[in-house]
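Asker: If you scroll down you'll find the structure; I have some questions about it.
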Amino acid sequence: MPSPIQVVALLKAQNIRHVRLYDADRAMLHALANTGIRVTVSVPNEQLLGIGQSNATAANWVARNVIAHVPATNITAIAVGSEILTTLPNAAPVLVSALKFIHSALVASNLDGQIKVSTPQSSSIILDSFPPSQAFFNRSWDPVMVPLLKFLQSTRSYFMLNVYPYYDYMQSNGVIPLDYALFRPLPPNKEAVDANTLLHYTNVFDAIVDAAYFSMSYLNFTNIPIFVTESGWPSKGDSSEPDATLDNANTYNSNLIRHVLNNSGTPKHPGIVVSTYIYELYNEDSRPGPVSEKNWGLFDANSMPIYTLHLTGAGTLLSNDTTNQTFCVAKESADPKMLQAALDWACGPGKVDCTFLLQGQPCYEPNNVVAHSTYAFNAYFQKMAKSPGTCDFKGVATITTSDPSKQL
């Protein structure tokens, strides 16, 4: 993995202003100092039992991992554990105590106004999640959920939720269409309608978030905002994960960012922004499990982009190519007619100089539509300073780190 200084350099180069850490690493927090980047630090699951059983242990954790770094490092939230109810249920009885002890330590240092305390939950604690209006939390967790929601409400914090349409899609056995999981436009007759509320759902993400809102309202909590602490899509998988692809990961994350930044909210709460962290910044090559587990990152360990997000009209996030090593090429599997149409556009309205593709000119060979399209697409991509959305051509082009001029 890159060093903390390299990580922060990447965050700054890519204009990323919010980051979640899965611990409170001292070197990372030091590197983030004086950057203005808003940081969520985390209490690792293995430390939860100790903190939930001892006010002094919690106060010591806050002193060491928060107070020692603010205000230079802009810590704005503490995530206490991760998916405790589903991954470490034996710690569930002390979860709310841990949150209260951490919060008390913040109050004692007058930091409770700027630093929120919550705990990320898996969306799998929501049962009967569609239609959203019928959703409810697993009732066996009521002894934890009710005091947790009371704490979040009284401290004006938010409900942290991990939302993974990829897994909902994979586990649906074909019931959930891929386009619905990827935020792709659906014809009106394909949209999912909640028969109880008549709300229309155009994507899985909104349906899960609203299922959480309805689950909270079922327990009489109606004013706690939701903060999505993880969401993403893997860019590579094994033979049992055919939809873990570069194209799908790019589509999901690009559309997710666009969806969050347009402030549309969800059908139940339109206009209320659902702040969301993308999982995750880097691939984890040594992570155990299926191939997809290693491939959720936006960047590899050398800080090279796995793909460049299509973010036209959604700001400049991840659009700067700090390596200068990305190129735009035609997809070899693309429909030749679609490629030809895109090639004609690039050489016409796109104003690419395609004289090099004429017979007898240096780039005429190989004389096929894929090679000629790659030349034109990449020329346009470079001419447009690799800005987001300039390597799509209606889906027949893709970003690569291999220089196509050395392969033709």
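Scheme for the structure tokens: letters A, B, ... for chains in order shown; per-chain residue numbers from 1; ligand numbers from 1 in order shown.
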May I have the residues within 6 Å of range 68-84 of chain A as a list in words, using only C-alpha atoms and disregarding those fewer than 5 positions away in the same chain?
Answerer: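 Listing them by chain and then by number gives Leu32, Ala33, Asn34, Gly36, Arg38, Val39, Thr40, Val41, Ser42, Val43, Pro44, Asn45, Pro89, Gln114, Ile115, Lys116, Val117, Ser118, Thr119, Pro120, Gln121 and Ser122 of chain A.
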Asker: Selection from above, N, CA and C atoms, as an mmCIF file, in the first residue's frame, can you write it?
Answerer:
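Dumped to again08.cif:
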data_model
loop_
_atom_site.group_PDB
_atom_site.id
_atom_site.type_symbol
_atom_site.label_atom_id
_atom_site.label_comp_id
_atom_site.auth_asym_id
_atom_site.auth_seq_id
_atom_site.Cartn_x
_atom_site.Cartn_y
_atom_site.Cartn_z
ATOM 1 N N LEU A 32 -2.877 13.925 7.071
ATOM 2 C CA LEU A 32 -4.097 14.643 6.688
ATOM 3 C C LEU A 32 -4.199 16.025 7.331
ATOM 4 N N ALA A 33 -3.282 16.326 8.252
ATOM 5 C CA ALA A 33 -3.332 17.615 8.953
ATOM 6 C C ALA A 33 -3.180 18.774 7.975
ATOM 7 N N ASN A 34 -3.940 19.830 8.238
ATOM 8 C CA ASN A 34 -3.864 21.094 7.478
ATOM 9 C C ASN A 34 -4.240 20.949 6.003
ATOM 10 N N GLY A 36 -7.634 20.263 5.281
ATOM 11 C CA GLY A 36 -9.056 20.600 5.237
ATOM 12 C C GLY A 36 -9.940 19.414 4.903
ATOM 13 N N ARG A 38 -12.204 16.377 5.220
ATOM 14 C CA ARG A 38 -13.060 15.928 6.316
ATOM 15 C C ARG A 38 -12.862 14.425 6.520
ATOM 16 N N VAL A 39 -12.543 14.040 7.764
ATOM 17 C CA VAL A 39 -12.117 12.675 8.061
ATOM 18 C C VAL A 39 -13.079 11.999 9.023
ATOM 19 N N THR A 40 -13.502 10.787 8.665
ATOM 20 C CA THR A 40 -14.187 9.901 9.606
ATOM 21 C C THR A 40 -13.180 8.870 10.080
ATOM 22 N N VAL A 41 -12.942 8.805 11.378
ATOM 23 C CA VAL A 41 -12.055 7.779 11.943
ATOM 24 C C VAL A 41 -12.925 6.649 12.487
ATOM 25 N N SER A 42 -12.325 5.498 12.715
ATOM 26 C CA SER A 42 -13.097 4.326 13.135
ATOM 27 C C SER A 42 -12.482 3.632 14.334
ATOM 28 N N VAL A 43 -13.354 3.111 15.185
ATOM 29 C CA VAL A 43 -12.951 2.191 16.243
ATOM 30 C C VAL A 43 -13.000 0.790 15.643
ATOM 31 N N PRO A 44 -11.869 0.098 15.497
ATOM 32 C CA PRO A 44 -11.889 -1.255 14.922
ATOM 33 C C PRO A 44 -12.725 -2.207 15.775
ATOM 34 N N ASN A 45 -13.318 -3.185 15.129
ATOM 35 C CA ASN A 45 -14.186 -4.132 15.844
ATOM 36 C C ASN A 45 -13.499 -4.782 17.033
ATOM 37 N N PRO A 89 -21.708 -10.366 16.646
ATOM 38 C CA PRO A 89 -22.913 -10.212 17.467
ATOM 39 C C PRO A 89 -22.669 -10.312 18.974
ATOM 40 N N GLN A 114 -18.881 19.260 16.703
ATOM 41 C CA GLN A 114 -18.274 19.117 15.377
ATOM 42 C C GLN A 114 -17.992 17.673 14.986
ATOM 43 N N ILE A 115 -18.041 16.748 15.943
ATOM 44 C CA ILE A 115 -17.730 15.348 15.640
ATOM 45 C C ILE A 115 -18.920 14.474 16.018
ATOM 46 N N LYS A 116 -19.524 13.830 15.011
ATOM 47 C CA LYS A 116 -20.662 12.940 15.230
ATOM 48 C C LYS A 116 -20.170 11.524 15.531
ATOM 49 N N VAL A 117 -20.982 10.806 16.302
ATOM 50 C CA VAL A 117 -20.656 9.421 16.655
ATOM 51 C C VAL A 117 -21.785 8.518 16.170
ATOM 52 N N SER A 118 -21.434 7.451 15.437
ATOM 53 C CA SER A 118 -22.436 6.499 14.972
ATOM 54 C C SER A 118 -21.749 5.159 14.739
ATOM 55 N N THR A 119 -22.475 4.201 14.165
ATOM 56 C CA THR A 119 -21.919 2.866 13.921
ATOM 57 C C THR A 119 -22.486 2.305 12.619
ATOM 58 N N PRO A 120 -21.649 1.961 11.655
ATOM 59 C CA PRO A 120 -22.145 1.458 10.361
ATOM 60 C C PRO A 120 -22.843 0.106 10.486
ATOM 61 N N GLN A 121 -23.989 -0.010 9.802
ATOM 62 C CA GLN A 121 -24.741 -1.265 9.797
ATOM 63 C C GLN A 121 -24.802 -1.836 8.386
ATOM 64 N N SER A 122 -24.842 -3.158 8.304
ATOM 65 C CA SER A 122 -25.084 -3.820 7.028
ATOM 66 C C SER A 122 -26.559 -3.687 6.672
#
Asker: Against range 128-137 of chain A, which residues of range 221-276 of chain A fall within 12 Å? For each one I want the closest pair of atoms and the distance in Å (one decimal), counting only C-alpha atoms, rows by chain and increasing residue number, as JSON lines.
Answerer:
{"residue": "A:Thr266", "atom": "CA", "partner": "A:Pro132", "partner_atom": "CA", "distance": 11.4}
{"residue": "A:Pro267", "atom": "CA", "partner": "A:Pro132", "partner_atom": "CA", "distance": 10.3}
{"residue": "A:Lys268", "atom": "CA", "partner": "A:Ser133", "partner_atom": "CA", "distance": 9.2}
Asker: Write out, as a compact mmCIF listing (two decimals), in the first residue's frame, the residues just selected, with C-alpha atoms.
Answerer:
# COMPACT_ATOMS: atom_id res chain seq x y z
CA THR A 266 -34.67 9.41 -2.50
CA PRO A 267 -38.33 8.95 -3.45
CA LYS A 268 -39.32 8.99 0.26
Asker: Range 297-307 of chain A: which residues within 6 Å, counting only C-alpha atoms, same-chain residues fewer than 4 positions away excluded, as a VMD selection string?
Answerer: chain A and resid 1 280 to 283
Asker: Take the residues from that selection and put them in a file with C-alpha atoms, as a PDB file, in the first residue's frame.
Answerer:
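Saved the output as again-v2.pdb:
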ATOM      1  CA  MET A   1       0.000   0.000   0.000  1.00  0.00           C
ATOM      2  CA  GLU A 280     -12.834   1.963  -1.785  1.00  0.00           C
ATOM      3  CA  LEU A 281      -9.799   4.062  -2.705  1.00  0.00           C
ATOM      4  CA  TYR A 282      -7.314   1.226  -3.407  1.00  0.00           C
ATOM      5  CA  ASN A 283      -7.545  -2.388  -4.547  1.00  0.00           C
TER       6      ASN A 283
END
Asker: If you run DSSP over the backbone, which residues in range 49-178 of chain A end up helix (DSSP H, G or I)? Put them as JSON, numbers by chain.
Answerer: {"A": [49, 50, 51, 52, 55, 56, 57, 58, 59, 60, 61, 62, 63, 64, 65, 66, 67, 84, 85, 86, 87, 89, 90, 91, 92, 93, 94, 95, 96, 97, 98, 99, 100, 101, 102, 103, 104, 105, 106, 107, 108, 123, 124, 125, 132, 133, 134, 139, 140, 141, 142, 143, 144, 145, 146, 147, 148, 149, 150, 151, 152, 153, 154, 165, 166, 167, 168, 169, 170, 171, 178]}
Asker: How would the residues just picked look written out with C-alpha atoms as a tab-separated table (two decimals), in the first residue's frame?
Answerer:
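Dumped to part-v4.tsv:
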chain	number	residue	atom	x	y	z
A	49	LEU	CA	-15.57	-4.79	23.68
A	50	GLY	CA	-12.98	-2.93	25.74
A	51	ILE	CA	-14.40	0.49	24.93
A	52	GLY	CA	-18.01	-0.60	25.47
A	55	ASN	CA	-15.67	4.74	30.15
A	56	ALA	CA	-11.97	5.25	30.90
A	57	THR	CA	-10.88	3.09	27.96
A	58	ALA	CA	-13.19	5.08	25.68
A	59	ALA	CA	-11.88	8.40	26.98
A	60	ASN	CA	-8.31	7.20	26.47
A	61	TRP	CA	-9.13	6.17	22.86
A	62	VAL	CA	-10.60	9.61	22.13
A	63	ALA	CA	-7.63	11.39	23.72
A	64	ARG	CA	-5.12	9.37	21.71
A	65	ASN	CA	-6.93	9.19	18.37
A	66	VAL	CA	-8.98	12.37	18.18
A	67	ILE	CA	-7.97	15.10	20.65
A	84	ILE	CA	-21.30	-5.30	14.53
A	85	LEU	CA	-24.77	-6.88	14.60
A	86	THR	CA	-23.97	-9.16	11.66
A	87	THR	CA	-20.22	-9.75	12.02
A	89	PRO	CA	-22.91	-10.21	17.47
A	90	ASN	CA	-21.33	-11.10	20.83
A	91	ALA	CA	-20.27	-7.42	21.10
A	92	ALA	CA	-23.77	-6.14	20.32
A	93	PRO	CA	-24.81	-5.78	24.00
A	94	VAL	CA	-22.08	-3.17	24.59
A	95	LEU	CA	-22.40	-1.34	21.24
A	96	VAL	CA	-24.59	1.51	22.48
A	97	SER	CA	-22.49	1.83	25.65
A	98	ALA	CA	-19.41	2.24	23.44
A	99	LEU	CA	-21.10	5.04	21.47
A	100	LYS	CA	-22.20	6.78	24.66
A	101	PHE	CA	-18.75	6.53	26.26
A	102	ILE	CA	-17.06	7.88	23.11
A	103	HIS	CA	-19.60	10.72	22.92
A	104	SER	CA	-19.11	11.58	26.62
A	105	ALA	CA	-15.38	11.95	26.00
A	106	LEU	CA	-16.12	14.35	23.12
A	107	VAL	CA	-18.51	16.35	25.32
A	108	ALA	CA	-15.82	16.65	27.98
A	123	SER	CA	-28.26	-3.43	4.97
A	124	SER	CA	-28.86	-7.14	5.66
A	125	ILE	CA	-30.36	-6.21	9.06
A	132	PRO	CA	-39.47	-0.26	1.04
A	133	SER	CA	-42.63	0.77	2.88
A	134	GLN	CA	-42.95	-2.76	4.30
A	139	ARG	CA	-36.80	-7.77	15.34
A	140	SER	CA	-34.27	-9.85	17.26
A	141	TRP	CA	-32.06	-6.74	17.29
A	142	ASP	CA	-34.72	-4.43	18.79
A	143	PRO	CA	-32.97	-4.40	22.20
A	144	VAL	CA	-29.97	-2.80	20.44
A	145	MET	CA	-31.66	-0.86	17.64
A	146	VAL	CA	-34.10	1.09	19.82
A	147	PRO	CA	-31.47	2.50	22.23
A	148	LEU	CA	-29.12	3.04	19.26
A	149	LEU	CA	-31.72	5.14	17.43
A	150	LYS	CA	-32.53	7.03	20.66
A	151	PHE	CA	-28.82	7.87	20.99
A	152	LEU	CA	-28.52	9.01	17.35
A	153	GLN	CA	-31.64	11.15	17.70
A	154	SER	CA	-30.57	12.77	20.98
A	165	PRO	CA	-26.59	-3.11	-4.81
A	166	TYR	CA	-23.96	-5.47	-6.27
A	167	TYR	CA	-24.71	-8.08	-3.61
A	168	ASP	CA	-28.48	-7.53	-3.81
A	169	TYR	CA	-28.24	-8.06	-7.57
A	170	MET	CA	-26.03	-11.16	-7.23
A	171	GLN	CA	-28.30	-12.74	-4.62
A	178	LEU	CA	-28.54	-5.32	-13.90
Asker: Kindly assemble as a Markdown table a list of the range 102-185 of chain A residues that lie within 6 Å of range 217-228 of chain A, each paired with its nearest atom pair and their distance in Å to one decimal, using only C-alpha atoms, sorted first by chain and then by ascending residue number.
Answerer:
| residue | atom | partner | partner_atom | distance |
| --- | --- | --- | --- | --- |
| A:Tyr158 | CA | A:Pro225 | CA | 5.0 |
| A:Phe159 | CA | A:Ile226 | CA | 4.8 |
| A:Met160 | CA | A:Phe227 | CA | 4.9 |
| A:Leu161 | CA | A:Val228 | CA | 4.8 |
| A:Asn162 | CA | A:Val228 | CA | 5.6 |
Asker: Could you write out that same residue set with N, CA, C and O atoms as a PDB file, in the first residue's frame?
Answerer:
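Output saved as part23.pdb:
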ATOM      1  N   TYR A 158     -26.270  10.606  12.678  1.00  0.00           N
ATOM      2  CA  TYR A 158     -26.924   9.980  11.546  1.00  0.00           C
ATOM      3  C   TYR A 158     -26.785   8.463  11.622  1.00  0.00           C
ATOM      4  O   TYR A 158     -25.909   7.934  12.300  1.00  0.00           O
ATOM      5  N   PHE A 159     -27.685   7.808  10.919  1.00  0.00           N
ATOM      6  CA  PHE A 159     -27.671   6.354  10.845  1.00  0.00           C
ATOM      7  C   PHE A 159     -26.706   5.963   9.732  1.00  0.00           C
ATOM      8  O   PHE A 159     -26.925   6.281   8.560  1.00  0.00           O
ATOM      9  N   MET A 160     -25.621   5.282  10.102  1.00  0.00           N
ATOM     10  CA  MET A 160     -24.619   4.868   9.119  1.00  0.00           C
ATOM     11  C   MET A 160     -25.024   3.527   8.521  1.00  0.00           C
ATOM     12  O   MET A 160     -25.308   2.571   9.261  1.00  0.00           O
ATOM     13  N   LEU A 161     -25.039   3.457   7.186  1.00  0.00           N
ATOM     14  CA  LEU A 161     -25.525   2.262   6.495  1.00  0.00           C
ATOM     15  C   LEU A 161     -24.593   1.916   5.336  1.00  0.00           C
ATOM     16  O   LEU A 161     -24.198   2.789   4.562  1.00  0.00           O
ATOM     17  N   ASN A 162     -24.243   0.642   5.224  1.00  0.00           N
ATOM     18  CA  ASN A 162     -23.467   0.158   4.083  1.00  0.00           C
ATOM     19  C   ASN A 162     -24.431  -0.388   3.030  1.00  0.00           C
ATOM     20  O   ASN A 162     -25.248  -1.267   3.340  1.00  0.00           O
TER      21      ASN A 162
END
Asker: Any idea what's packed within 8 Å of Phe327 in chain A, counting only C-alpha atoms, ignoring anything in its chain fewer than 5 positions away? Could you give it as a list in words?
Answerer: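 Result of the neighbour search: Asn378, Phe381, Gln382, Ile399, Thr400, Thr401, Ser402, Asp403 and Pro404 of chain A.
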Asker: Please produce a file of those selected residues containing C-alpha atoms, as a PDB file, in the first residue's frame.
Answerer:
ATOM      1  CA  ASN A 378      -7.590   8.597 -28.229  1.00  0.00           C
ATOM      2  CA  PHE A 381      -9.544  12.096 -25.465  1.00  0.00           C
ATOM      3  CA  GLN A 382      -6.073  13.684 -25.343  1.00  0.00           C
ATOM      4  CA  ILE A 399      -9.943   3.811 -20.714  1.00  0.00           C
ATOM      5  CA  THR A 400      -6.677   1.855 -20.652  1.00  0.00           C
ATOM      6  CA  THR A 401      -3.186   2.380 -19.257  1.00  0.00           C
ATOM      7  CA  SER A 402      -1.577   0.667 -22.286  1.00  0.00           C
ATOM      8  CA  ASP A 403      -0.392   3.041 -25.019  1.00  0.00           C
ATOM      9  CA  PRO A 404      -2.305   1.944 -28.148  1.00  0.00           C
TER      10      PRO A 404
END
Asker: Just the residues within 12 Å of Asp344 in chain A, please, counting only C-alpha atoms, with nothing from its chain fewer than 4 positions along; format it as a PyMOL selection string.
Answerer: chain A and resi 337-340+348-354+369+372-373+376-377+393
Asker: With all heavy atoms retained, write the just-selected residues as a tab-separated table (two decimals), in the first residue's frame.
Answerer:
chain	number	residue	atom	x	y	z
A	337	LYS	N	-20.81	-1.30	-36.51
A	337	LYS	CA	-21.60	-0.15	-36.99
A	337	LYS	C	-21.58	0.98	-35.97
A	337	LYS	O	-21.50	2.16	-36.33
A	337	LYS	CB	-23.04	-0.58	-37.27
A	337	LYS	CG	-23.20	-1.49	-38.48
A	337	LYS	CD	-24.65	-1.88	-38.70
A	337	LYS	CE	-24.78	-2.82	-39.91
A	337	LYS	NZ	-26.18	-3.29	-40.07
A	338	MET	N	-21.64	0.61	-34.68
A	338	MET	CA	-21.55	1.63	-33.62
A	338	MET	C	-20.18	2.29	-33.62
A	338	MET	O	-20.04	3.49	-33.46
A	338	MET	CB	-21.81	0.99	-32.25
A	338	MET	CG	-23.21	0.44	-32.06
A	338	MET	SD	-24.37	1.68	-31.48
A	338	MET	CE	-23.81	1.93	-29.80
A	339	LEU	N	-19.14	1.46	-33.84
A	339	LEU	CA	-17.78	2.00	-33.91
A	339	LEU	C	-17.64	2.95	-35.09
A	339	LEU	O	-17.07	4.04	-34.95
A	339	LEU	CB	-16.76	0.85	-34.04
A	339	LEU	CG	-16.35	0.13	-32.76
A	339	LEU	CD1	-15.43	-1.03	-33.09
A	339	LEU	CD2	-15.68	1.08	-31.79
A	340	GLN	N	-18.16	2.55	-36.23
A	340	GLN	CA	-18.05	3.40	-37.41
A	340	GLN	C	-18.76	4.73	-37.19
A	340	GLN	O	-18.25	5.79	-37.56
A	340	GLN	CB	-18.63	2.69	-38.63
A	340	GLN	CG	-18.41	3.44	-39.95
A	340	GLN	CD	-16.94	3.60	-40.31
A	340	GLN	OE1	-16.20	2.62	-40.35
A	340	GLN	NE2	-16.50	4.82	-40.53
A	348	GLY	N	-15.50	14.12	-37.57
A	348	GLY	CA	-16.34	15.22	-38.07
A	348	GLY	C	-16.58	16.24	-36.99
A	348	GLY	O	-15.71	17.09	-36.71
A	349	PRO	N	-17.74	16.17	-36.30
A	349	PRO	CA	-18.03	17.15	-35.24
A	349	PRO	C	-16.99	17.18	-34.13
A	349	PRO	O	-16.77	18.22	-33.50
A	349	PRO	CB	-19.40	16.68	-34.70
A	349	PRO	CG	-20.00	15.91	-35.82
A	349	PRO	CD	-18.87	15.26	-36.55
A	350	GLY	N	-16.32	16.03	-33.88
A	350	GLY	CA	-15.30	16.00	-32.83
A	350	GLY	C	-14.01	16.71	-33.20
A	350	GLY	O	-13.14	16.92	-32.35
A	351	LYS	N	-13.87	17.04	-34.49
A	351	LYS	CA	-12.75	17.84	-35.00
A	351	LYS	C	-11.38	17.20	-34.77
A	351	LYS	O	-10.38	17.87	-34.54
A	351	LYS	CB	-12.78	19.25	-34.39
A	351	LYS	CG	-14.04	20.02	-34.79
A	351	LYS	CD	-14.03	21.44	-34.25
A	351	LYS	CE	-15.30	22.17	-34.70
A	351	LYS	NZ	-15.39	23.52	-34.13
A	352	VAL	N	-11.34	15.84	-34.82
A	352	VAL	CA	-10.05	15.15	-34.78
A	352	VAL	C	-9.47	15.15	-36.20
A	352	VAL	O	-10.20	14.93	-37.18
A	352	VAL	CB	-10.23	13.70	-34.27
A	352	VAL	CG1	-8.95	12.89	-34.48
A	352	VAL	CG2	-10.63	13.69	-32.80
A	353	ASP	N	-8.18	15.39	-36.32
A	353	ASP	CA	-7.51	15.34	-37.62
A	353	ASP	C	-7.29	13.87	-37.99
A	353	ASP	O	-6.39	13.21	-37.47
A	353	ASP	CB	-6.17	16.09	-37.55
A	353	ASP	CG	-5.45	16.08	-38.90
A	353	ASP	OD1	-6.00	15.50	-39.87
A	353	ASP	OD2	-4.35	16.65	-38.98
A	354	CYS	N	-8.12	13.37	-38.89
A	354	CYS	CA	-8.07	11.94	-39.25
A	354	CYS	C	-7.34	11.70	-40.57
A	354	CYS	O	-7.45	10.61	-41.15
A	354	CYS	CB	-9.48	11.36	-39.30
A	354	CYS	SG	-10.28	11.29	-37.67
A	369	VAL	N	-11.87	-1.15	-38.47
A	369	VAL	CA	-12.61	-0.11	-37.77
A	369	VAL	C	-12.17	0.02	-36.31
A	369	VAL	O	-12.20	1.12	-35.74
A	369	VAL	CB	-14.13	-0.35	-37.88
A	369	VAL	CG1	-14.56	-1.55	-37.05
A	369	VAL	CG2	-14.92	0.89	-37.48
A	372	HIS	N	-8.76	2.05	-36.40
A	372	HIS	CA	-9.00	3.44	-36.79
A	372	HIS	C	-9.78	4.19	-35.72
A	372	HIS	O	-9.49	5.36	-35.42
A	372	HIS	CB	-9.75	3.49	-38.13
A	372	HIS	CG	-8.87	3.19	-39.30
A	372	HIS	ND1	-9.22	3.47	-40.60
A	372	HIS	CD2	-7.63	2.63	-39.39
A	372	HIS	CE1	-8.25	3.11	-41.43
A	372	HIS	NE2	-7.28	2.58	-40.71
A	373	SER	N	-10.75	3.51	-35.10
A	373	SER	CA	-11.52	4.14	-34.03
A	373	SER	C	-10.64	4.45	-32.83
A	373	SER	O	-10.74	5.51	-32.21
A	373	SER	CB	-12.69	3.24	-33.60
A	373	SER	OG	-13.61	3.09	-34.65
A	376	ALA	N	-8.74	7.62	-33.46
A	376	ALA	CA	-9.58	8.81	-33.38
A	376	ALA	C	-10.07	9.07	-31.95
A	376	ALA	O	-10.07	10.21	-31.48
A	376	ALA	CB	-10.76	8.68	-34.33
A	377	PHE	N	-10.47	8.00	-31.26
A	377	PHE	CA	-10.97	8.16	-29.89
A	377	PHE	C	-9.88	8.72	-28.99
A	377	PHE	O	-10.10	9.63	-28.19
A	377	PHE	CB	-11.45	6.81	-29.32
A	377	PHE	CG	-12.65	6.22	-30.00
A	377	PHE	CD1	-13.09	4.93	-29.67
A	377	PHE	CD2	-13.35	6.92	-30.98
A	377	PHE	CE1	-14.20	4.38	-30.28
A	377	PHE	CE2	-14.46	6.37	-31.61
A	377	PHE	CZ	-14.88	5.09	-31.26
A	393	PHE	N	-18.09	7.54	-26.09
A	393	PHE	CA	-18.57	7.31	-27.46
A	393	PHE	C	-19.73	6.30	-27.48
A	393	PHE	O	-19.67	5.27	-28.14
A	393	PHE	CB	-17.41	6.86	-28.36
A	393	PHE	CG	-16.36	7.92	-28.54
A	393	PHE	CD1	-15.23	7.94	-27.72
A	393	PHE	CD2	-16.50	8.93	-29.48
A	393	PHE	CE1	-14.26	8.93	-27.86
A	393	PHE	CE2	-15.53	9.93	-29.62
A	393	PHE	CZ	-14.41	9.92	-28.81
Asker: I want to know what sits within 10 Å of His259 in chain A, based on only C-alpha atoms, with residues of the same chain fewer than 6 positions away left out; could you give that as a PyMOL selection string?
Answerer: chain A and resi 183+205-206+253+265-266+273-274+314
Asker: Output N, CA and C atoms for every residue in that selection, as a PDB file, in the first residue's frame.
Answerer:
ATOM      1  N   PHE A 183     -27.994   1.982 -11.823  1.00  0.00           N
ATOM      2  CA  PHE A 183     -28.558   3.330 -12.038  1.00  0.00           C
ATOM      3  C   PHE A 183     -28.766   3.642 -13.515  1.00  0.00           C
ATOM      4  N   PHE A 205     -30.160   1.331  -5.088  1.00  0.00           N
ATOM      5  CA  PHE A 205     -29.590   2.151  -4.016  1.00  0.00           C
ATOM      6  C   PHE A 205     -30.690   2.910  -3.269  1.00  0.00           C
ATOM      7  N   ASP A 206     -31.526   3.645  -4.005  1.00  0.00           N
ATOM      8  CA  ASP A 206     -32.595   4.423  -3.371  1.00  0.00           C
ATOM      9  C   ASP A 206     -33.566   3.524  -2.620  1.00  0.00           C
ATOM     10  N   ASN A 253     -20.199   3.460 -10.099  1.00  0.00           N
ATOM     11  CA  ASN A 253     -19.635   4.538  -9.292  1.00  0.00           C
ATOM     12  C   ASN A 253     -19.831   5.905  -9.938  1.00  0.00           C
ATOM     13  N   GLY A 265     -31.939  13.269  -3.579  1.00  0.00           N
ATOM     14  CA  GLY A 265     -32.438  12.493  -2.458  1.00  0.00           C
ATOM     15  C   GLY A 265     -33.027  11.181  -2.917  1.00  0.00           C
ATOM     16  N   THR A 266     -33.997  10.670  -2.166  1.00  0.00           N
ATOM     17  CA  THR A 266     -34.668   9.408  -2.499  1.00  0.00           C
ATOM     18  C   THR A 266     -36.156   9.682  -2.708  1.00  0.00           C
ATOM     19  N   VAL A 273     -30.104  15.141   0.856  1.00  0.00           N
ATOM     20  CA  VAL A 273     -28.902  14.497   0.328  1.00  0.00           C
ATOM     21  C   VAL A 273     -28.531  13.270   1.156  1.00  0.00           C
ATOM     22  N   VAL A 274     -28.156  12.191   0.477  1.00  0.00           N
ATOM     23  CA  VAL A 274     -27.652  10.994   1.150  1.00  0.00           C
ATOM     24  C   VAL A 274     -26.135  10.970   0.931  1.00  0.00           C
ATOM     25  N   ALA A 314     -20.799  16.516 -13.269  1.00  0.00           N
ATOM     26  CA  ALA A 314     -20.847  16.186 -11.839  1.00  0.00           C
ATOM     27  C   ALA A 314     -19.566  16.610 -11.129  1.00  0.00           C
TER      28      ALA A 314
END
Asker: Just the strand (DSSP E) stuff from range 18-219 of chain A, please, per backbone DSSP, written as a VMD selection string.
Answerer: chain A and resid 18 to 20 38 to 43 75 to 80 116 to 118 121 to 122 126 to 127 136 to 137 159 to 162 192 to 193 200 to 201
Asker: Using only C-alpha atoms, which protein or nucleic acid residues come within 9 Å of Ser292 in chain A? Drop anything in the same chain fewer than 4 positions from it, and give the result as a list in words.
Answerer: Trp233, Pro234, Ser235, Lys236, Gly237, Asp238, Glu241, Ala244 and Trp296 of chain A
Asker: Can you spit out the residues from that selection as a PDB file, in the first residue's frame, using N, CA and C atoms?
Answerer:
ATOM      1  N   TRP A 233     -18.718  -1.060  -6.399  1.00  0.00           N
ATOM      2  CA  TRP A 233     -18.925  -2.205  -7.320  1.00  0.00           C
ATOM      3  C   TRP A 233     -17.547  -2.743  -7.693  1.00  0.00           C
ATOM      4  N   PRO A 234     -17.323  -4.056  -7.621  1.00  0.00           N
ATOM      5  CA  PRO A 234     -15.994  -4.597  -7.944  1.00  0.00           C
ATOM      6  C   PRO A 234     -15.725  -4.569  -9.454  1.00  0.00           C
ATOM      7  N   SER A 235     -14.464  -4.337  -9.810  1.00  0.00           N
ATOM      8  CA  SER A 235     -14.091  -4.216 -11.223  1.00  0.00           C
ATOM      9  C   SER A 235     -13.586  -5.523 -11.822  1.00  0.00           C
ATOM     10  N   LYS A 236     -13.507  -6.566 -10.999  1.00  0.00           N
ATOM     11  CA  LYS A 236     -12.994  -7.847 -11.487  1.00  0.00           C
ATOM     12  C   LYS A 236     -13.524  -8.946 -10.578  1.00  0.00           C
ATOM     13  N   GLY A 237     -13.834 -10.106 -11.175  1.00  0.00           N
ATOM     14  CA  GLY A 237     -14.316 -11.220 -10.380  1.00  0.00           C
ATOM     15  C   GLY A 237     -13.901 -12.541 -10.982  1.00  0.00           C
ATOM     16  N   ASP A 238     -14.218 -13.628 -10.287  1.00  0.00           N
ATOM     17  CA  ASP A 238     -13.903 -14.947 -10.848  1.00  0.00           C
ATOM     18  C   ASP A 238     -15.081 -15.426 -11.704  1.00  0.00           C
ATOM     19  N   GLU A 241     -18.596 -14.666 -10.792  1.00  0.00           N
ATOM     20  CA  GLU A 241     -18.926 -13.248 -10.609  1.00  0.00           C
ATOM     21  C   GLU A 241     -18.826 -12.513 -11.950  1.00  0.00           C
ATOM     22  N   ALA A 244     -18.848  -8.572 -12.204  1.00  0.00           N
ATOM     23  CA  ALA A 244     -17.788  -7.758 -11.589  1.00  0.00           C
ATOM     24  C   ALA A 244     -16.805  -7.396 -12.701  1.00  0.00           C
ATOM     25  N   TRP A 296     -12.257  -3.767  -5.399  1.00  0.00           N
ATOM     26  CA  TRP A 296     -13.265  -2.710  -5.230  1.00  0.00           C
ATOM     27  C   TRP A 296     -12.653  -1.322  -5.417  1.00  0.00           C
TER      28      TRP A 296
END
